[in-house]
Amino acid sequence: MPETPTEPRTRRRLDMSSPVVWAASALLVLLVFNAVVNPGFFALRIQDGHLFGSPVDVLKNVAPTLLIAVGMTLVIATRGIDLSVGAVLAISGAVSFTIIDGSSDPTSPATAAVAIGTALAVGLVLGAWNGFLVSVVGIQPIIATLVLMTAGRGLAMLVTDGQIITAENPAFDWLGGGFVLGLPAQVVLTLLVLLVVAALTRRTALGTLIEAVGTNPEAARLAGVRSRSITWTVYVFVAFTAAVAGLMTNANVSAADANRAGLFIELDAILAVVIGGTSLAGGRYSLTGTVLGALILQTLTTTTLTMGVPDEYVRLFKAVVIIAVFLLQAPRIRAALGRRRRSARTSTSPAVPVPAVEGDDVRPLTPASSAEPADATAAEPTTTDQGALR
Amino acid sequence: GSSDSGSGGSGGGGEDGSITMGFSQVGAESGWRTANTQSIQDSAEEAGIELQFSDAQGEQENQISAIRSFIQQRVDVIAFSPVVETGWDSVLLEAQRAGIPVILTDRSVDSEDDSLYETFLGSDFVEEGKKAGEWAVENWGSQPTYVAELQGTTGAAPALDRQEGFADAIEGTDNIQVVASQSGDFTRAGGREVMEAMLNSNPQINAVYAHNDDMALGAIEAIEAAGKVPGKDIQIISVDAVRDGMQALADGKINFIVECNPLLGGQLMDLAEKVVAGEDVPKRVVTEETTFTQEQAIEALPNRQY
Amino acid sequence: MSTAAPRPAAAPVVEMSGITIEFPGVRALDGVGLRLFPGEVHALMGENGAGKSTLIKALTGVYRYDSGTVTVDGVEQQFATPADAQAAGISTVYQEVNLCPNLTVTENVVLGREPRKRGSIDRRASRERTRRVLAELNLDLDPGSILGRHPIALQQLVAIARAVDTDAKVLVLDEPTSSLDAGEVAELFRVVRTLRDRGVAILFVSHFLDQVYEISDRMTVLRNGRLVAEHRTAELPRLQLVQEMIGRELSTLEHLEREPAHEAPADAVPRLRARGLGRTGAIAPTDLDVHAGRVTGLAGLLGSGRTELTRLLFGADRASSGTVEVDGRPVKLRTPRTAIAEGIAFCSEDRKGEGVVGDLTVRDNVLLALQARRGWLRRIPTKQGDELVAKYIKALDIRPAHPDALIRNLSGGNQQKVLLARWLLTEPRLLLLDEPTRGIDIGAKAQIQALVSQLASEGMSVVFVSAELEEVLRISDRITVLRDHRTVADVDGSTATLDSVVDLIASGGDRA
Amino acid sequence: MTATDSATGTAPAPAPERPDRSLGQAAYAWLRRTDTGSSTFSVLVTALLLVVLFGAGTLRYENFGYPQVALNLLVDNAHLIVLAVGMTFVILTGGIDLSSGAVVALSTVIAASLLQKGWAAPLVIVLVLATGTLLGWAMGAAVHHLQLQPFIVTLAGMFLARGLCFVISEPSIPIRDDLFTGLAQNVIELPGNTYLTYGVLIALVVVAIAVYVLHRTRFGRTVYAIGGNEQSAGLMGLAVGRTKVAVYAISGFCSALGGLLFSLYILSGWSLHAIGMELDAIAAVVIGGTLLTGGSGLVVGSLLGVLVLGTIQSLISFDGGLSSWWTKITIGVLLLVFVVVQRLSTRSSR
Ligand SMILES: Nc1ncnc2c1ncn2[C@@H]1O[C@H](COP(=O)(O)OP(=O)(O)OP(=O)(O)O)[C@@H](O)[C@H]1O
Ligand SMILES: Nc1ncnc2c1ncn2[C@@H]1O[C@H](COP(=O)(O)OP(=O)(O)OP(=O)(O)O)[C@@H](O)[C@H]1O
Ligand SMILES: [Mg+2]
Ligand SMILES: [Mg+2]
């Protein structure tokens with residue numbers, strides 16, 4: 001019997017065709033650019049035992065977006081989307097501040113605990129609501145969550161009576177301005193959530209099942225996967241991350257602004273996920289990519305601020321950079337760059353068939369289009385796609 | 001506060017002598033705006049004017065369609081705070097054809113034909129910027145001052161005007177230099193993030209001009225986190241004089257606030273009654289506004305309504 | 001390597017030579033040639049994964065080949081898109097149904113070449129044309145119905161109708177008969193012969209040797225991406241063909257003979273007992289007993305309701321009437337999960353839509369059902385998973401034997417094997433197999449049949465559905481015959497003959 | 001093959017003639033009829049719900065029943081209708097266009113600033129439409145040729161368009177051009193003291209053209225086919241690439257045209273106009289029964305979707321007692337009730 005070609009299994013090789021690699025390079029370029037334009041950018045100083053400097057600001061300011069983006073990654077992997085995270089964030093902030101503000105002992109840790117607990121619980125309920133609409137009633141996710149996106153902000157303002165509520169509670173403020181081991185508490189918290197999610201999806205079968213539901217829901221259902229509960233769960237989870245993010249952002253300024261807090265954060269979160277290489281069509285996802293995506297966005301913002309780009313040019317500047325990042329991500333361009341690199345190395349390697357069908361887009365028909373192999377050993381492009389965090 | 005959602009349904013007043021006013025508000029984008037709404041609602045009740053209130057959620061098209069629906073409902077007088085200055089001619093013309101007088105509040109429109117509205121009641125943003133600038137010249141002009149300007153939403157009229165007024169006032173004062181200028185979107189979070197970045201890139205900054213109190217409050221957080229003392233190491237001017245801002249002023253964290261008074265409900269109702277009765281009113285009514293230093297703030301704080 | 005076969009006098013309409021295509025890690029085609037002459041039916045033969053579909057896609061501009069040439073009518077061509085190939089007169093039915101499920105039958109048939117009147121689509125003419133081609137295939141289908149609501153076999157027929165509805169020079173049919181029953185195959189062949197007599201060149205892929213010998217004039221044999229030989233069908237003994245396809249003597253071919261019937265205690269409680277099980281509009285209330293250790297075959301024509309019945313037994317659709325007992329216990333099969341919890345497994349006939357999870361690897365696909373049953377928290381330990389997967393890859397001869405290959409890159413037959421592995425792995429007590437051998441080559445088919453018998457003799461109950469009646473007869477202990485969405489007979493597998501079952505199917509029979 | 005029509009028991013027979021049907025059956029068949037992957041039924045359900053919604057307003061609010069209130073739904077939303085039409089094309093192919101709100105803003109800014117500089121209005125109109133189409137075309141090309149996801153391509157397009165707005169002008173610019181003001185302020189008088197604007201006419205013409213293109217041309221069929229299964233569409237030999245690019249160009253054109261109608265409506269150009277309007281357009285399309293995954297939906301549905309959103313907005317204006325937050329909550333709740341009822345009433349039919 002003829003041999004089937006066997007390939008060395010390369011699970012941990014750096015695959016130049018993976019979107020994650022390109023996201024990482026984009027981030028690197030951005031950082032180098034900063035270092036050149038802005039010599040002070042990497043200047044870290046230690047003050048009262050805490051780290052300060054632009055990189056720390058980037059990490060701290062990315063925390064809420066990143067947190068939500070992690071939840072959003074899972075939602076998107078199931079073919080969904082959640083537009084309501086901004087509203088949930090606002091509600092969480094509004095609820096917690098209203099509780100602190102209205103309590104008889106606004107500065108006690110117990111009050112903070114009640115406030116945090118209630119806010120998180122409200123977040124879970126809202127997530128359950130979204131999940132219910134999507135997985136049980138069967139409304140398209142974008143519309144189902146649009147409902148809460150609109151009404152949720154109203155609810156938040158109802159809670160605060162349209163006012164910006166301020167309150168000082170040391171325990172609560174720690175969420176916004178505290179430090180752990182010299183790092184801002186927000187960063188540490190986010191890292192923690194990230195690690196838990198990574199462990200949950202990689203150490204258990206959750207990741208695979210989510211991908212199965214996102215790739216072929218009917219096949220997953222017939223294989224006995226609890227598609228409905230999985231879908232439901234990811235919506236609950238993303239709302240939870242939004243609620244945590246709400247606590248952070250509001251604690252950060254010691255005020256709950258129901259109308260403006262987290263405005264457009266859903267777009268940032270989705271953008272981060274997509275820059276990280278996860279397809280909105282559902283299926284395979286990459287948490288590493290999401291982290292990189294969020295970092296790219298935040299670094300970009302911080303760059304424009306520290307560079308002092310004139311206000312009227314800020315958006316154009318960001319647009320141009322983001323377009324550049326996207327172009328790098330384009331499978332065709334990556335393939336072309338990858339080929340150039342490869343043929344420079346070995347000219348004997350045969351040309352790989354290029355997609356010929358018009359319109360092979362996210363799920364190409366052709367072998368070559370999903371990922372151009374760096375060389376013949378990259379037999380399983382998608383297993384190497386995923387970084388350590390998946 | 002919240003209002004009774006069941007109270008609508010009765011348009012077309014006038015027959016029984018009471019006045020019906022259609023009021024289209026920009027939205028509820030800030031504490032200032034909520035205070036403004038509150039004042040209008042309270043004053044209407046006090047004056048016995050029936051208020052048809054509509055919130056535009058920050059969108060001009062919603063305001064236009066709200067005004068159209070006021071026209072359909074045959075209200076006696078229409079008042080609104082335009083989202084943006086331009087683009088009101090058509091709908092104002094419709095109101096005029098329907099014989100309904102219009103009062104502008106808070107922000108003006110740039111219509112060439114000023115017969116389209118009866119009067120404009122509101123503050124002058126350029127003037128506010130000027131007042132801020134004049135105080136800066138007086139108090140900072142003597143030593144080198146590096147100002148960080150926290151702008152409002154890019155393209156919004158208050159942001160543009162406050163920037164312009166301030167720039168006019170400090171022109172020619174060599175010691176005062178605006179070294180960084182970024183939009184903080186009128187929010188605390190925006191103010192904080194922008195200030196953090198500015199402090200990193202421009203360590204010499206020793207003064208802040210914020211287009212509203214919220215951004216100033218956000219900046220204070222950033223300044224404190226960076227280990228500096230707001231109001232001393234870095235002096236702050238801001239605009240609005242909402243309660244939290246006044247508190248910070250009284251606490252010495254802000255140095256000077258230009259008031260932008262949201263409580264124009266009373267004046268509005270007076271004007272409305274006159275307009276409906278056919279009396280003459282001035283084309284421009286400026287709201288009574290002042291400025292606050294730290295001492296004045298301590299004094300004024302207990303009686304502050306918003 | 002290739003023995004040149006004597007060929008007809010005319011010049012070939014398509015000539016491919018030296019075609020090589022390489023996918024990451026796999027050389028799917030290696031210098032393969034193919035000649036198609038006008039007025040012949042040419043069979044392309046080979047095991048699963050031999051490269052048949054890939055060769056067809058190279059011809060029709062889906063894949064670009066690395067080397068080699070394609071000439072059509074003597075002109076060298078490299079089609080950039082399937083549209084170009086179509087324009088050059090090559091009409092193709094690909095292996096997996098490639099139609100638009102959201103559109104109606106008519107719209108699918110005429111898509112891209114709609115009759116037009118004054119610039120806009122002439123819907124009446126479209127409908128008429130569709131009626132005509134459907135009638136040509138003797139197919140009773142509402143042209144206005146949505147394609148996706150029809151069973152996969154009917155969709156396949158619509159795809160054929162679409163391909164036939166052109167005046168193509170070349171008609172390519174990649175496994176068109178994999179889920180058709182004898183009657184439809186006959187209709188199809190009638191049409192194919194008509195076309196051949198008109199001078200059309202037809203390239204035909206099938207794993208049914210009988211069909212190939214019946215219809216084809218010549219054949220090209222591929223093995224593992226290489227050209228083995230080209231023959232005149234009449235001159236090639238079956239045994240030699242099989243040898244050329246698999247590269248060795250096929251000992252298992254003997255197993256294709258009848259499997260021994262499994263003994264079943266007559267008085268035992270059936271593993272599964274359905275009473276009055278039905279679903280409005282899909283299947284009339286049906287009684288069915290499935291005993292432990294036995295294979296129950298469902299026989300019937302296309303659309304007779306076999307799939308519908310198996311889906312009800314799995315809870316994939318909700319029954320509107322009737323009761324089900326498992327081992328004498330009444331159970332409610334509300335969802336697939338409840339069925340799985342009762343030890344029931346179901347392998348769907350629609351492998352693309354309801355089977356493979358394309359973005360996942362072979363490994364994840366194989367382990368999916370087992371993992372789903374364990375719940376997400378208890379992940380199958382890596383080592384255990386690897387062992388299981390390796391075992392089934394070997395047992396079912398899945399190629400390439402890579403657990404980490406993406407399943408969507410596997411050939412159709414190999415995907416089917418992966419899905420079988422997915423369910424065998426869960427060691428079900430009742431296995432519902434809907435067309436499990438669809439698109440599987442003869443060697444593997446024999447293996448799978450042997451496996452099913454063996455599992456049954458080890459105590460598993462199996463419900464077996466296949467469009468190939470011989471297969472059902474060969475493997476089943478009892479055969480339930482369906483017709484027009486209701487059961488019409490229930491016969492003993494050991495005494496039933498092909499003729500008697502065909503009779504039952506045709507006549508409707510009396511309840512046995 | 002087999003006649004499986006369960007009524008006819010006999011084996012292989014030519015297709016039986018359909019027996020004569022009663023009127024009721026015919027009506028039912030018409031309701032269940034599908035055309036290019038979209039059912040008439042769900043659109044009718046949507047229309048019915050819209051009437052119910054509007055009726056509720058009439059009962060509740062005095063003056064809501066005036067004919068002009070209904071006409072104002074069109075007058076106030078002409079731009080959104082055009083936007084939704086373009087969006088329908090894109091969504092039918094399974095894509096999405098997030099740039100349309102920003103392109104509306106860009107169109108108003110370009111138009112206003114050029115008119116202010118004294119350019120001739122017709123030239124400005126052509127230029128704006130060309131800009132929008134070009135931007136759409138570029139996005140389509142990126143989606144197709146670079147194999148980027150539509151979501152991110154159009155999101156980048158949105159950033160770019162907004163970015164350009166601010167560069168062109170930060171403050172808002174009034175439009176005083178005679179042609180524009182003439183079109184904006186002269187209305188078409190209708191009987192009963194009602195009127196429509198020219199923008200409405202343009203919007204309705206766009207809808208009509210879109211219906212024709214989608215249902216009576218090969219291009220339209222290809223749009224639906226791509227949405228049903230892009231791979232298959234390619235294998236069936238359709239011009240997938242060209243169609244996809246065209247669809248984004250159409251959406252770009254519609255956004256620019258919507259922008260022009262919007263600038264007639266508000267007679268100004270401003271960078272902050274139409275923020276989030278793409279969401280309104282998407283919501284309208286989806287409420288109109290189009291599946292975001294593509295392949296199923298009708299333009300008329302999108303028109304109804306816009307009217308639903310408009311009705312909700314009118315209900316709120318007429319109420320006159322809603323604070324900002326109750327406004328938001330009410331919009332959300334009405335939207336929810338609408339989509340849930342719609343979903344439940346069409347579920348059985350699927
Ligand atoms: N897109 C792809 N990427 C990687 N490998 C592929 C791809 N398509 C096919 N292959 C590989 O090419 C080989 C030939 O596949 P092909 O589909 O042509 O087989 P086939 O002869 O049609 O088999 P079957 O009878 O099962 O349909 C297989 O090993 C398959 O795994
Ligand atoms: N020729 C046909 N015309 C119209 N509808 C058909 C036809 N054949 C089947 N159907 C529809 O298919 C459904 C039954 O198909 P089902 O898949 O259960 O049958 P099956 O016996 O499994 O056949 P197969 O799996 O071979 O397609 C019914 O809903 C029936 O209406
Ligand atoms: Mg094949
Ligand atoms: Mg079947």
# chains A, B, ... in the order shown; residues from 1 in each chain; ligands from 1
call {"tool": "interface_residues", "arguments": {"of": "chain D", "to": "chain B", "cutoff": "7 Å", "atoms": "only C-alpha atoms", "output": "list in words"}}
result
Arg60, Tyr61, Glu62, Asn63, Asp76, Glu170, Pro171, Ser172, Ile173, Pro174, Ala184, Gln185, Ile266, Leu267, Ser268, Ser271, Ser317, Phe318, Asp319, Gly320, Gly321, Leu322, Ser323 and Ser324 of chain D
call {"tool": "residues_near_ligand", "arguments": {"ligand": "ligand 3", "cutoff": "7 Å", "atoms": "only C-alpha atoms and all ligand atoms", "output": "PyMOL selection string"}}
result
chain C and resi 48-49+51-53+95+174+411-413
call {"tool": "residues_near_ligand", "arguments": {"ligand": "ligand 1", "cutoff": "9 Å", "atoms": "only C-alpha atoms and all ligand atoms", "output": "VMD selection string"}}
result
(chain A and resid 4 to 5 364 to 368 379) or (chain C and resid 21 to 29 44 to 57 95 174 to 175 205 to 207 222 to 225 399 to 400 405 to 416 439 to 441)
call {"tool": "closest_atom_pairs", "arguments": {"of": "range 194-246 of chain B", "to": "range 240-264 of chain A", "cutoff": "8 Å", "atoms": "only C-alpha atoms", "output": "JSON lines"}}
result
{"residue": "B:Leu217", "atom": "CA", "partner": "A:Val253", "partner_atom": "CA", "distance": 7.9}
{"residue": "B:Gly218", "atom": "CA", "partner": "A:Val253", "partner_atom": "CA", "distance": 5.9}
{"residue": "B:Glu221", "atom": "CA", "partner": "A:Val253", "partner_atom": "CA", "distance": 6.5}
call {"tool": "residues_near_ligand", "arguments": {"ligand": "ligand 2", "cutoff": "9 Å", "atoms": "only C-alpha atoms and all ligand atoms", "output": "PyMOL selection string"}}
result
(chain C and resi 139-142+145+149-155+179-181+281-283+298-311+349+434-435+465-467+482-485) or (chain D and resi 1-6)
call {"tool": "atom_distance", "arguments": {"atom1": "CA of Val501 in chain C", "atom2": "CA of Val242 in chain C"}}
result
29.2 Å
call {"tool": "closest_atom_pairs", "arguments": {"of": "chain A", "to": "chain D", "cutoff": "8 Å", "atoms": "only C-alpha atoms", "output": "tab-separated table"}}
result
residue	atom	partner	partner_atom	distance
A:Val137	CA	D:Val340	CA	7.5
A:Gly138	CA	D:Arg343	CA	7.7
A:Ile139	CA	D:Arg343	CA	6.9
A:Gln140	CA	D:Leu292	CA	7.6
A:Ile143	CA	D:Ala283	CA	6.6
A:Ala144	CA	D:Leu336	CA	7.6
A:Leu146	CA	D:Gly332	CA	7.9
A:Val147	CA	D:Gly332	CA	4.8
A:Leu148	CA	D:Gly332	CA	6.6
A:Met149	CA	D:Gly332	CA	7.9
A:Thr150	CA	D:Gly332	CA	5.4
A:Ala151	CA	D:Ile329	CA	4.0
A:Gly152	CA	D:Ile329	CA	7.1
A:Arg153	CA	D:Lys328	CA	7.1
A:Gly154	CA	D:Trp325	CA	4.0
A:Leu155	CA	D:Ile329	CA	6.7
A:Met157	CA	D:Trp325	CA	5.7
A:Leu158	CA	D:Trp325	CA	6.0
A:Gly162	CA	D:Trp325	CA	7.5
A:Leu271	CA	D:Ile152	CA	7.2
A:Val274	CA	D:Ile152	CA	7.0
A:Ser279	CA	D:Gln149	CA	7.4
A:Leu280	CA	D:Gln149	CA	7.6
A:Glu312	CA	D:Phe166	CA	5.0
A:Tyr313	CA	D:Val167	CA	6.0
A:Val314	CA	D:Gly163	CA	7.3
A:Arg315	CA	D:Gly163	CA	4.5
A:Leu316	CA	D:Gly163	CA	3.9
A:Phe317	CA	D:Gly163	CA	7.6
A:Lys318	CA	D:Phe159	CA	7.6
A:Ala319	CA	D:Phe159	CA	5.0
A:Val320	CA	D:Leu160	CA	7.1
A:Ile322	CA	D:Ala156	CA	6.8
A:Ile323	CA	D:Ala156	CA	6.0
A:Phe326	CA	D:Ile152	CA	7.8
A:Leu327	CA	D:Leu146	CA	7.8
A:Gln329	CA	D:Leu148	CA	7.8
A:Ala330	CA	D:Leu146	CA	5.3
A:Pro331	CA	D:Gln147	CA	6.2
A:Arg332	CA	D:Leu146	CA	5.4
A:Ile333	CA	D:Leu146	CA	7.0
A:Val357	CA	D:Gly234	CA	6.2
A:Glu358	CA	D:Gly241	CA	5.2
A:Gly359	CA	D:Gly241	CA	5.2
A:Asp360	CA	D:Gln231	CA	6.3
A:Asp361	CA	D:Gln147	CA	5.2
A:Val362	CA	D:Gln147	CA	6.9
A:Pro364	CA	D:Gln231	CA	7.9
A:Leu365	CA	D:Gln231	CA	7.2
call {"tool": "atom_distance", "arguments": {"atom1": "CA of Ile246 in chain C", "atom2": "CA of Val463 in chain C"}}
result
29.6 Å
